[in-house]
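Printed here is start_11.cif (mmCIF, C-alpha atoms (C1' of nucleotides)):
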```
data_coords
loop_
_atom_site.group_PDB
_atom_site.id
_atom_site.type_symbol
_atom_site.label_atom_id
_atom_site.label_comp_id
_atom_site.auth_asym_id
_atom_site.auth_seq_id
_atom_site.Cartn_x
_atom_site.Cartn_y
_atom_site.Cartn_z
ATOM 1 C CA MET L 1 107.763 65.255 132.941
ATOM 2 C CA PRO L 2 110.913 65.217 134.926
ATOM 3 C CA GLU L 3 111.767 67.204 137.968
ATOM 4 C CA LEU L 4 114.572 66.322 140.329
ATOM 5 C CA PRO L 5 113.029 63.167 141.806
ATOM 6 C CA GLU L 6 112.269 61.731 138.372
ATOM 7 C CA VAL L 7 115.763 62.487 137.143
ATOM 8 C CA GLU L 8 117.291 60.941 140.243
ATOM 9 C CA VAL L 9 115.067 57.881 139.955
ATOM 10 C CA THR L 10 116.173 57.586 136.356
ATOM 11 C CA ARG L 11 119.823 57.865 137.343
ATOM 12 C CA ARG L 12 119.533 55.169 139.964
ATOM 13 C CA SER L 13 117.734 52.861 137.589
ATOM 14 C CA PHE L 14 120.683 52.560 135.225
ATOM 15 C CA ALA L 15 123.829 54.013 136.804
ATOM 16 C CA GLY L 16 124.953 50.731 138.279
ATOM 17 C CA ARG L 17 124.153 48.725 135.189
ATOM 18 C CA ILE L 18 125.980 50.972 132.733
ATOM 19 C CA SER L 19 129.056 51.710 134.823
ATOM 20 C CA GLY L 20 132.150 50.049 133.425
ATOM 21 C CA ALA L 21 130.555 49.464 130.029
ATOM 22 C CA ARG L 22 132.470 50.126 126.848
ATOM 23 C CA ILE L 23 130.741 52.268 124.223
ATOM 24 C CA GLN L 24 130.346 50.429 120.960
ATOM 25 C CA ALA L 25 128.321 52.971 119.022
ATOM 26 C CA ALA L 26 126.204 56.072 119.355
ATOM 27 C CA ARG L 27 123.419 57.240 117.116
ATOM 28 C CA LEU L 28 121.261 60.336 116.919
ATOM 29 C CA GLY L 29 117.675 60.690 115.695
ATOM 30 C CA LYS L 30 115.968 63.987 115.058
ATOM 31 C CA PRO L 31 117.642 67.102 116.435
ATOM 32 C CA LEU L 32 117.267 67.705 120.140
ATOM 33 C CA ARG L 33 117.555 71.050 121.853
ATOM 34 C CA TRP L 34 121.284 71.394 121.162
ATOM 35 C CA PRO L 35 123.688 69.558 118.898
ATOM 36 C CA LEU L 36 125.701 66.774 120.506
ATOM 37 C CA GLY L 37 128.893 68.738 120.113
ATOM 38 C CA CYS L 38 131.052 65.942 118.779
ATOM 39 C CA PRO L 39 130.785 63.279 116.103
ATOM 40 C CA CYS L 40 129.060 60.137 117.385
ATOM 41 C CA GLU L 41 132.065 58.078 116.332
ATOM 42 C CA ASP L 42 134.235 59.946 118.820
ATOM 43 C CA LEU L 43 132.367 58.248 121.638
ATOM 44 C CA THR L 44 133.023 54.690 120.592
ATOM 45 C CA GLY L 45 135.755 52.932 122.471
ATOM 46 C CA ARG L 46 135.310 55.018 125.596
ATOM 47 C CA THR L 47 134.138 53.567 128.887
ATOM 48 C CA VAL L 48 131.347 54.767 131.158
ATOM 49 C CA ALA L 49 132.887 55.629 134.509
ATOM 50 C CA GLY L 50 129.639 56.504 136.280
ATOM 51 C CA VAL L 51 126.486 58.586 136.247
ATOM 52 C CA ARG L 52 125.962 61.660 138.395
ATOM 53 C CA ARG L 53 123.183 64.221 138.597
ATOM 54 C CA ARG L 54 123.300 68.001 138.884
ATOM 55 C CA GLY L 55 119.895 69.630 139.113
ATOM 56 C CA LYS L 56 117.892 68.061 136.312
ATOM 57 C CA TYR L 57 120.969 67.102 134.300
ATOM 58 C CA LEU L 58 122.420 63.626 134.225
ATOM 59 C CA LEU L 59 126.193 63.594 133.835
ATOM 60 C CA ILE L 60 127.605 60.473 132.258
ATOM 61 C CA ASP L 61 131.320 60.423 132.982
ATOM 62 C CA LEU L 62 133.491 58.817 130.363
ATOM 63 C CA LYS L 63 136.983 57.353 130.496
ATOM 64 C CA PRO L 64 139.604 58.242 129.593
ATOM 65 C CA SER L 65 137.895 61.625 129.289
ATOM 66 C CA GLY L 66 134.691 63.406 128.452
ATOM 67 C CA VAL L 67 131.218 63.772 129.891
ATOM 68 C CA LEU L 68 127.768 63.507 128.351
ATOM 69 C CA LEU L 69 125.128 65.841 129.738
ATOM 70 C CA LEU L 70 121.654 64.489 129.363
ATOM 71 C CA HIS L 71 118.523 66.536 129.976
ATOM 72 C CA LEU L 72 115.005 65.145 129.730
ATOM 73 C CA GLY L 73 113.251 68.415 128.953
ATOM 74 C CA MET L 74 109.477 68.174 129.325
ATOM 75 C CA SER L 75 108.768 64.806 127.810
ATOM 76 C CA GLY L 76 111.993 62.843 127.940
ATOM 77 C CA SER L 77 112.606 59.455 129.459
ATOM 78 C CA VAL L 78 115.459 57.023 129.425
ATOM 79 C CA LEU L 79 115.564 53.318 128.836
ATOM 80 C CA PHE L 80 118.561 51.118 129.471
ATOM 81 C CA ASP L 81 118.474 47.503 128.470
ATOM 82 C CA GLN L 82 119.916 44.835 126.269
ATOM 83 C CA GLY L 83 118.172 43.907 123.083
ATOM 84 C CA LEU L 84 116.068 47.050 122.724
ATOM 85 C CA PRO L 85 113.825 47.139 119.648
ATOM 86 C CA PRO L 86 114.886 49.363 116.754
ATOM 87 C CA PRO L 87 114.516 53.069 117.547
ATOM 88 C CA GLY L 88 110.997 54.459 117.127
ATOM 89 C CA ARG L 89 109.964 57.863 115.886
ATOM 90 C CA HIS L 90 110.602 59.519 119.240
ATOM 91 C CA ASP L 91 113.861 57.786 120.105
ATOM 92 C CA HIS L 92 116.520 60.377 119.438
ATOM 93 C CA PHE L 93 119.680 59.071 121.030
ATOM 94 C CA ASP L 94 121.125 55.607 121.514
ATOM 95 C CA LEU L 95 124.337 54.825 123.320
ATOM 96 C CA VAL L 96 125.145 51.214 122.556
ATOM 97 C CA THR L 97 127.437 49.661 125.131
ATOM 98 C CA THR L 98 128.745 46.249 126.054
ATOM 99 C CA GLN L 99 126.254 46.160 128.941
ATOM 100 C CA GLY L 100 123.159 47.445 127.178
ATOM 101 C CA THR L 101 121.799 50.352 125.204
ATOM 102 C CA LEU L 102 120.956 53.695 126.774
ATOM 103 C CA ARG L 103 118.086 55.248 124.861
ATOM 104 C CA LEU L 104 116.591 58.733 125.136
ATOM 105 C CA HIS L 105 112.921 58.811 124.223
ATOM 106 C CA ASP L 106 111.601 62.359 123.902
ATOM 107 C CA PRO L 107 108.524 63.186 121.812
ATOM 108 C CA ARG L 108 108.769 66.944 122.227
ATOM 109 C CA ARG L 109 112.546 67.096 121.866
ATOM 110 C CA PHE L 110 113.086 69.781 124.490
ATOM 111 C CA GLY L 111 115.654 67.456 125.967
ATOM 112 C CA ALA L 112 119.315 67.339 125.092
ATOM 113 C CA VAL L 113 122.450 65.242 124.940
ATOM 114 C CA VAL L 114 125.602 67.306 124.965
ATOM 115 C CA TYR L 115 129.230 66.277 124.960
ATOM 116 C CA ALA L 116 131.961 68.207 126.765
ATOM 117 C CA GLN L 117 135.589 67.495 127.653
ATOM 118 C CA ASP L 118 134.620 67.858 131.286
ATOM 119 C CA GLU L 119 131.897 69.595 133.219
ATOM 120 C CA GLY L 120 133.909 72.791 133.431
ATOM 121 C CA ALA L 121 134.398 72.953 129.670
ATOM 122 C CA GLU L 122 131.942 74.422 127.186
ATOM 123 C CA PRO L 123 129.153 73.804 126.549
ATOM 124 C CA ALA L 124 128.704 72.070 129.904
ATOM 125 C CA ARG L 125 130.019 74.985 131.919
ATOM 126 C CA LYS L 126 127.465 77.334 130.525
ATOM 127 C CA LEU L 127 124.588 74.946 131.244
ATOM 128 C CA LEU L 128 125.684 74.078 134.759
ATOM 129 C CA SER L 129 127.033 77.377 136.038
ATOM 130 C CA GLY L 130 124.362 79.455 137.636
ATOM 131 C CA LEU L 131 122.589 76.443 139.071
ATOM 132 C CA GLY L 132 121.638 76.791 142.721
ATOM 133 C CA VAL L 133 122.268 74.446 145.599
ATOM 134 C CA GLU L 134 121.188 70.800 145.546
ATOM 135 C CA PRO L 135 118.114 70.407 147.754
ATOM 136 C CA LEU L 136 118.921 66.864 148.865
ATOM 137 C CA GLY L 137 122.100 65.701 150.506
ATOM 138 C CA GLY L 138 122.740 68.227 153.230
ATOM 139 C CA GLN L 139 124.000 71.297 151.375
ATOM 140 C CA PHE L 140 120.639 73.038 151.435
ATOM 141 C CA GLU L 141 120.287 75.163 154.568
ATOM 142 C CA ALA L 142 117.337 77.171 155.773
ATOM 143 C CA GLN L 143 119.308 80.225 156.799
ATOM 144 C CA ALA L 144 121.139 80.491 153.486
ATOM 145 C CA PHE L 145 117.859 79.876 151.681
ATOM 146 C CA HIS L 146 116.189 82.747 153.500
ATOM 147 C CA ARG L 147 119.168 85.010 152.800
ATOM 148 C CA ALA L 148 119.082 84.149 149.096
ATOM 149 C CA LEU L 149 115.385 84.955 148.896
ATOM 150 C CA LYS L 150 116.048 88.345 150.431
ATOM 151 C CA ASP L 151 117.373 89.810 147.217
ATOM 152 C CA LYS L 152 114.813 88.300 144.867
ATOM 153 C CA LYS L 153 112.033 90.624 143.915
ATOM 154 C CA ALA L 154 110.135 88.100 141.783
ATOM 155 C CA ALA L 155 107.302 85.915 143.021
ATOM 156 C CA ILE L 156 108.467 82.994 145.143
ATOM 157 C CA LYS L 157 107.060 80.490 142.659
ATOM 158 C CA GLN L 158 109.178 81.977 139.888
ATOM 159 C CA VAL L 159 112.267 82.032 142.082
ATOM 160 C CA LEU L 160 111.848 78.346 142.809
ATOM 161 C CA LEU L 161 111.400 77.482 139.139
ATOM 162 C CA ALA L 162 114.382 79.576 138.058
ATOM 163 C CA GLY L 163 116.738 77.211 139.856
ATOM 164 C CA GLN L 164 119.308 79.841 140.745
ATOM 165 C CA VAL L 165 118.654 79.529 144.448
ATOM 166 C CA VAL L 166 117.834 75.841 144.676
ATOM 167 C CA VAL L 167 117.774 73.366 141.798
ATOM 168 C CA GLY L 168 115.415 70.612 140.810
ATOM 169 C CA VAL L 169 112.083 72.118 141.842
ATOM 170 C CA GLY L 170 109.788 72.153 138.812
ATOM 171 C CA ASN L 171 106.203 73.203 138.388
ATOM 172 C CA ILE L 172 104.572 70.330 140.239
ATOM 173 C CA TYR L 173 106.810 70.285 143.275
ATOM 174 C CA ALA L 174 106.902 74.079 143.492
ATOM 175 C CA CYS L 175 103.109 74.088 143.751
ATOM 176 C CA GLU L 176 103.107 71.245 146.237
ATOM 177 C CA ALA L 177 105.859 72.703 148.417
ATOM 178 C CA LEU L 178 104.172 76.109 148.544
ATOM 179 C CA PHE L 179 100.954 74.425 149.597
ATOM 180 C CA MET L 180 102.723 72.499 152.332
ATOM 181 C CA ALA L 181 104.305 75.704 153.580
ATOM 182 C CA GLY L 182 101.049 77.667 153.402
ATOM 183 C CA ILE L 183 102.512 80.290 151.080
ATOM 184 C CA ARG L 184 100.860 81.897 148.048
ATOM 185 C CA PRO L 185 102.856 81.373 144.873
ATOM 186 C CA THR L 186 102.516 85.088 144.076
ATOM 187 C CA LEU L 187 104.238 86.300 147.227
ATOM 188 C CA ARG L 188 107.437 88.117 146.399
ATOM 189 C CA ALA L 189 110.434 86.135 147.577
ATOM 190 C CA TYR L 190 112.092 88.882 149.605
ATOM 191 C CA ARG L 191 108.943 89.236 151.702
ATOM 192 C CA LEU L 192 109.184 85.745 153.196
ATOM 193 C CA SER L 193 109.843 85.943 156.903
ATOM 194 C CA ARG L 194 112.463 83.648 158.338
ATOM 195 C CA PRO L 195 109.837 81.309 159.832
ATOM 196 C CA ARG L 196 108.011 81.069 156.518
ATOM 197 C CA ALA L 197 111.255 80.531 154.634
ATOM 198 C CA ASP L 198 112.042 77.788 157.102
ATOM 199 C CA ARG L 199 108.698 76.156 156.457
ATOM 200 C CA LEU L 200 109.218 76.350 152.724
ATOM 201 C CA HIS L 201 112.703 74.948 153.044
ATOM 202 C CA ALA L 202 111.363 72.009 155.003
ATOM 203 C CA ALA L 203 108.509 71.548 152.541
ATOM 204 C CA ILE L 204 110.849 71.440 149.562
ATOM 205 C CA CYS L 205 112.995 68.806 151.237
ATOM 206 C CA GLN L 206 109.985 66.804 152.259
ATOM 207 C CA VAL L 207 108.137 66.860 148.961
ATOM 208 C CA LEU L 208 111.235 65.924 146.974
ATOM 209 C CA GLU L 209 112.259 63.172 149.358
ATOM 210 C CA GLN L 210 108.769 61.759 149.391
ATOM 211 C CA ALA L 211 108.524 61.759 145.609
ATOM 212 C CA LEU L 212 111.932 60.155 145.358
ATOM 213 C CA ALA L 213 110.985 57.471 147.835
ATOM 214 C CA GLN L 214 107.865 56.752 145.802
ATOM 215 C CA GLY L 215 109.776 56.402 142.576
ATOM 216 C CA GLY L 216 109.025 59.740 140.958
ATOM 217 C CA SER L 217 105.750 61.314 139.965
ATOM 218 C CA THR L 218 103.703 60.021 137.101
ATOM 219 C CA LEU L 219 101.137 62.694 136.356
ATOM 220 C CA ARG L 220 101.266 61.714 132.736
ATOM 221 C CA ASP L 221 103.778 59.233 131.569
ATOM 222 C CA PHE L 222 106.880 59.120 133.721
ATOM 223 C CA SER L 223 108.753 55.883 134.001
ATOM 224 C CA ASN L 224 112.309 55.057 134.927
ATOM 225 C CA ALA L 225 114.901 53.380 132.748
ATOM 226 C CA MET L 226 113.361 50.010 133.514
ATOM 227 C CA GLY L 227 109.923 51.138 132.396
ATOM 228 C CA GLN L 228 108.407 51.270 135.879
ATOM 229 C CA ALA L 229 105.931 54.037 136.722
ATOM 230 C CA GLY L 230 105.986 56.250 139.818
ATOM 231 C CA HIS L 231 103.137 56.993 142.212
ATOM 232 C CA PHE L 232 103.230 60.684 143.105
ATOM 233 C CA GLN L 233 99.869 61.403 141.556
ATOM 234 C CA LEU L 234 98.204 59.675 144.466
ATOM 235 C CA ALA L 235 99.567 62.331 146.786
ATOM 236 C CA ALA L 236 99.165 65.596 144.826
ATOM 237 C CA GLN L 237 97.483 68.196 147.039
ATOM 238 C CA VAL L 238 97.005 71.054 144.584
ATOM 239 C CA TYR L 239 98.725 70.402 141.263
ATOM 240 C CA ASP L 240 96.223 69.956 138.428
ATOM 241 C CA ARG L 241 93.334 70.116 140.896
ATOM 242 C CA ALA L 242 91.718 73.416 139.860
ATOM 243 C CA GLY L 243 88.141 73.644 141.137
ATOM 244 C CA GLN L 244 88.441 70.535 143.273
ATOM 245 C CA PRO L 245 88.161 70.828 147.042
ATOM 246 C CA CYS L 246 91.299 71.387 149.070
ATOM 247 C CA ARG L 247 92.116 68.157 150.858
ATOM 248 C CA ARG L 248 92.713 70.139 154.033
ATOM 249 C CA CYS L 249 89.914 72.744 154.113
ATOM 250 C CA GLN L 250 87.566 71.948 151.187
ATOM 251 C CA ALA L 251 87.954 75.358 149.549
ATOM 252 C CA PRO L 252 88.169 75.059 145.754
ATOM 253 C CA ILE L 253 91.734 74.935 144.488
ATOM 254 C CA ARG L 254 92.573 77.872 142.261
ATOM 255 C CA ARG L 255 94.628 77.948 139.093
ATOM 256 C CA ILE L 256 96.463 81.078 138.025
ATOM 257 C CA VAL L 257 99.118 81.685 135.385
ATOM 258 C CA GLN L 258 102.540 83.004 136.288
ATOM 259 C CA GLN L 259 105.226 83.343 133.642
ATOM 260 C CA GLN L 260 103.037 81.364 131.310
ATOM 261 C CA ARG L 261 102.972 78.427 133.688
ATOM 262 C CA SER L 262 100.073 77.204 135.749
ATOM 263 C CA SER L 263 100.175 77.671 139.497
ATOM 264 C CA TYR L 264 97.704 75.882 141.723
ATOM 265 C CA PHE L 265 96.988 76.888 145.290
ATOM 266 C CA CYS L 266 94.395 76.849 148.030
ATOM 267 C CA PRO L 267 93.154 80.388 148.690
ATOM 268 C CA ASP L 268 92.510 79.575 152.343
ATOM 269 C CA CYS L 269 95.488 77.453 153.295
ATOM 270 C CA GLN L 270 98.032 79.558 151.414
ATOM 271 C CA ARG L 271 98.424 83.159 152.532
ATOM 272 C CA PRO L 272 100.017 86.075 150.669
ATOM 273 C "C1'" DC B 1 120.796 94.244 136.406
ATOM 274 C "C1'" DT B 2 115.422 92.658 136.234
ATOM 275 C "C1'" DA B 3 111.182 91.455 134.081
ATOM 276 C "C1'" DT B 4 108.595 89.761 130.272
ATOM 277 C "C1'" DG B 5 107.344 87.133 126.450
ATOM 278 C "C1'" DG B 6 108.641 84.081 122.689
ATOM 279 C "C1'" DA B 7 110.858 80.150 121.147
ATOM 280 C "C1'" DC B 8 111.626 75.181 120.661
ATOM 281 C "C1'" DC B 9 108.056 70.455 119.472
ATOM 282 C "C1'" DT B 10 104.542 66.802 119.677
ATOM 283 C "C1'" DG B 11 100.413 64.716 121.394
ATOM 284 C "C1'" DA B 12 96.324 64.513 124.235
ATOM 285 C "C1'" DA B 13 92.185 66.569 125.638
ATOM 286 C "C1'" DT B 14 88.568 69.732 124.847
ATOM 287 C "C1'" DG B 15 85.268 72.568 122.276
ATOM 288 C "C1'" DC B 16 82.342 73.707 118.241
ATOM 289 C "C1'" DT M 1 83.719 62.643 112.528
ATOM 290 C "C1'" DG M 2 86.639 66.619 111.649
ATOM 291 C "C1'" DC M 3 89.090 70.585 112.685
ATOM 292 C "C1'" DA M 4 90.792 74.307 115.733
ATOM 293 C "C1'" DT M 5 92.311 75.539 120.182
ATOM 294 C "C1'" DT M 6 94.494 74.843 124.597
ATOM 295 C "C1'" DC M 7 97.523 72.718 127.538
ATOM 296 C "C1'" DA M 8 101.582 69.903 129.193
ATOM 297 C "C1'" DG M 9 106.691 67.949 134.034
ATOM 298 C "C1'" DG M 10 111.837 72.932 131.034
ATOM 299 C "C1'" DT M 11 114.792 76.599 130.212
ATOM 300 C "C1'" DC M 12 117.303 79.498 126.995
ATOM 301 C "C1'" DC M 13 117.283 83.792 124.614
ATOM 302 C "C1'" DA M 14 116.000 88.325 122.758
ATOM 303 C "C1'" DT M 15 113.913 92.536 123.975
ATOM 304 C "C1'" DA M 16 112.529 96.540 126.860
#
```
Can I see the file as structure tokens?
Amino acid sequence: MPELPEVEVTRRSFAGRISGARIQAARLGKPLRWPLGCPCEDLTGRTVAGVRRRGKYLLIDLKPSGVLLLHLGMSGSVLFDQGLPPPGRHDHFDLVTTQGTLRLHDPRRFGAVVYAQDEGAEPARKLLSGLGVEPLGGQFEAQAFHRALKDKKAAIKQVLLAGQVVVGVGNIYACEALFMAGIRPTLRAYRLSRPRADRLHAAICQVLEQALAQGGSTLRDFSNAMGQAGHFQLAAQVYDRAGQPCRRCQAPIRRIVQQQRSSYFCPDCQRP
DNA sequence: CTATGGACCTGAATGC
DNA sequence: TGCATTCAGGTCCATA
């Protein structure tokens, strides 16, 4: 479910409300992708200093020390509120604080909650190192983007999903950005000309900013930590539209599989 | 080093 | 209705 805009929407929906709260208890449900990395009891008594985001990870900074990395995987979502009902079968982490309970709901359990001393310490370092530049907030530059693509032999779609060049672009937004830029997902990254790389750079920024402004996509079941749904589905140009007419030229949208993931594109608007 | 495929897990939608 | 198959927003890891 969650790509960068959804994760950022989630962060904004509870960061302010949880900051300054004192942790009273933590509890785990079924195993997530990785073990927490510390006993739940070790968290009690600490204070939440703030919530940051890096790629698709949420970083919950603790005082006097420690950080919780939270990843939503494919099906995760977060709730933060007071007086939450008892955990259900897909609620796998609760952080009970003086200002409310943070709850990770994740049916497929590809998500994770991981504790580290700080973001440079294991296991956080390993998860965060190797992540590319943040696409929003001014660090993402067209020239550097083009240069980075130059030594990637893989298809551009795969390079975007890998997150080593730029983070946060998942399957939906990769498809949408490539459509906006008029680029076939199968085109090898190093073959992008500077003008096409520039277009893709702009498209990535635009599609992510737009989704963020609209509160995150909701192709299936996304909602933020206050239970509100997003609206991106209204704007999808190609994702999940196989066989339907391109909104720009009417040609049927095609679906192909790359790296065992679906790619959608318009054969006329997007050129190899 | 790259490229590929499998792994993790559950639920919804589709097909016979 | 029941049962099997396919697909889903992610990403790590083993293998060649």
Could you list, as a PDB file with C-alpha atoms, keeping the file's coordinate frame, the residues of chain L having an atom within 12 Å of chain B when counting only C-alpha atoms (C1' of nucleotides)?
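out-v9.pdb written:
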```
ATOM      1  CA  LYS L  30     115.968  63.987 115.058  1.00  0.00           C
ATOM      2  CA  PRO L  31     117.642  67.102 116.435  1.00  0.00           C
ATOM      3  CA  LEU L  32     117.267  67.705 120.140  1.00  0.00           C
ATOM      4  CA  ARG L  33     117.555  71.050 121.853  1.00  0.00           C
ATOM      5  CA  TRP L  34     121.284  71.394 121.162  1.00  0.00           C
ATOM      6  CA  GLY L  73     113.251  68.415 128.953  1.00  0.00           C
ATOM      7  CA  MET L  74     109.477  68.174 129.325  1.00  0.00           C
ATOM      8  CA  SER L  75     108.768  64.806 127.810  1.00  0.00           C
ATOM      9  CA  GLY L  76     111.993  62.843 127.940  1.00  0.00           C
ATOM     10  CA  ARG L  89     109.964  57.863 115.886  1.00  0.00           C
ATOM     11  CA  HIS L  90     110.602  59.519 119.240  1.00  0.00           C
ATOM     12  CA  ASP L 106     111.601  62.359 123.902  1.00  0.00           C
ATOM     13  CA  PRO L 107     108.524  63.186 121.812  1.00  0.00           C
ATOM     14  CA  ARG L 108     108.769  66.944 122.227  1.00  0.00           C
ATOM     15  CA  ARG L 109     112.546  67.096 121.866  1.00  0.00           C
ATOM     16  CA  PHE L 110     113.086  69.781 124.490  1.00  0.00           C
ATOM     17  CA  GLY L 111     115.654  67.456 125.967  1.00  0.00           C
ATOM     18  CA  ALA L 112     119.315  67.339 125.092  1.00  0.00           C
ATOM     19  CA  ASP L 151     117.373  89.810 147.217  1.00  0.00           C
ATOM     20  CA  LYS L 152     114.813  88.300 144.867  1.00  0.00           C
ATOM     21  CA  LYS L 153     112.033  90.624 143.915  1.00  0.00           C
ATOM     22  CA  ALA L 154     110.135  88.100 141.783  1.00  0.00           C
ATOM     23  CA  ALA L 155     107.302  85.915 143.021  1.00  0.00           C
ATOM     24  CA  GLN L 158     109.178  81.977 139.888  1.00  0.00           C
ATOM     25  CA  ARG L 220     101.266  61.714 132.736  1.00  0.00           C
ATOM     26  CA  ASP L 221     103.778  59.233 131.569  1.00  0.00           C
ATOM     27  CA  GLN L 258     102.540  83.004 136.288  1.00  0.00           C
ATOM     28  CA  GLN L 259     105.226  83.343 133.642  1.00  0.00           C
ATOM     29  CA  GLN L 260     103.037  81.364 131.310  1.00  0.00           C
TER      30      GLN L 260
END
```
Within 7 Å of chain M, which residues of chain L are there when counting only C-alpha atoms (C1' of nucleotides)? Please give them as a compact mmCIF listing (two decimals) with C-alpha atoms, in the coordinates of the input.
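And here is the file that came out, selection16.txt:
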```
# COMPACT_ATOMS: atom_id res chain seq x y z
CA MET L 1 107.76 65.26 132.94
CA PRO L 2 110.91 65.22 134.93
CA GLU L 3 111.77 67.20 137.97
CA GLY L 73 113.25 68.42 128.95
CA MET L 74 109.48 68.17 129.32
CA ASN L 171 106.20 73.20 138.39
CA ILE L 172 104.57 70.33 140.24
```
Exercise. Could you check which of L:Arg52, L:His71, L:Arg191, L:Arg271 is closest to Phe14 (chain L), using all atoms listed in the file?
Key: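 Ranking L:Arg52, L:His71, L:Arg191, L:Arg271 by distance to Phe14 (chain L), first place goes to L:Arg52.
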Quiz prompt | Atom-to-atom span, CA of Gly130 (chain L) and CA of Ile204 (chain L), Å | solution =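 Atom-to-atom, CA of Gly130 (chain L) to CA of Ile204 (chain L), that is 19.7 Å.
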Quiz item: Counting all atoms listed in the file, what is within 10 Å of Val113 (chain L), bar same-chain residues fewer than 4 positions away, as a list in words?
Solution: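 Selected residues are Leu28, Pro31, Leu32, Arg33, Trp34, Pro35, Leu36, Gly37, Tyr57, Leu58, Leu59, Leu68, Leu69, Leu70, His71, Leu72, His92, Phe93 and Leu104 of chain L.
Going from CA of Gln117 (chain L) over to CA of Lys56 (chain L), you cover 19.7 Å.
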Can you sort out the box for region 102-120 of chain L, edges along x, y and z, all listed atoms in, 5 Å on every side, with centre and edge lengths in Å to one decimal, as lines of an AutoDock Vina configuration file?
```
center_x = 122.1
center_y = 63.2
center_z = 127.6
size_x = 37.1
size_y = 29.1
size_z = 21.6
```
Quiz item: Do you have the CA of Cys40 (chain L)-CA of Gln82 (chain L) distance handy?
Solution: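 One can read the CA of Cys40 (chain L) to CA of Gln82 (chain L) distance as 19.9 Å.
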Self-check item: Spatial neighbours of Gly163 (chain L), max dist 10 Å, only C-alpha atoms (C1' of nucleotides), sep filter under 3 positions, as a VMD selection string
Solution: (chain L and resid 55 to 56 130 to 134 158 to 160 166 to 170) or (chain M and resid 11)
Exercise. Could you tell me which residues the PyMOL selection byres ((chain L and resi 264) around 9) returns for this structure, as a ChimeraX atom specification?
Key: /L:172,175-176,179,185,238-242,253-257,262-263,265-266
With the file shown as input, list the residues that the PyMOL selection byres ((chain L and resi 198-203) around 9) selects, as a compact mmCIF listing (two decimals) with C-alpha atoms, keeping the file's coordinate frame.
```txt
# COMPACT_ATOMS: atom_id res chain seq x y z
CA PRO L 135 118.11 70.41 147.75
CA PHE L 140 120.64 73.04 151.44
CA GLU L 141 120.29 75.16 154.57
CA ALA L 142 117.34 77.17 155.77
CA GLN L 143 119.31 80.22 156.80
CA PHE L 145 117.86 79.88 151.68
CA HIS L 146 116.19 82.75 153.50
CA GLU L 176 103.11 71.24 146.24
CA ALA L 177 105.86 72.70 148.42
CA LEU L 178 104.17 76.11 148.54
CA PHE L 179 100.95 74.42 149.60
CA MET L 180 102.72 72.50 152.33
CA ALA L 181 104.30 75.70 153.58
CA GLY L 182 101.05 77.67 153.40
CA ILE L 183 102.51 80.29 151.08
CA SER L 193 109.84 85.94 156.90
CA ARG L 194 112.46 83.65 158.34
CA PRO L 195 109.84 81.31 159.83
CA ARG L 196 108.01 81.07 156.52
CA ALA L 197 111.26 80.53 154.63
CA ILE L 204 110.85 71.44 149.56
CA CYS L 205 113.00 68.81 151.24
CA GLN L 206 109.98 66.80 152.26
CA VAL L 207 108.14 66.86 148.96
CA LEU L 208 111.24 65.92 146.97
```
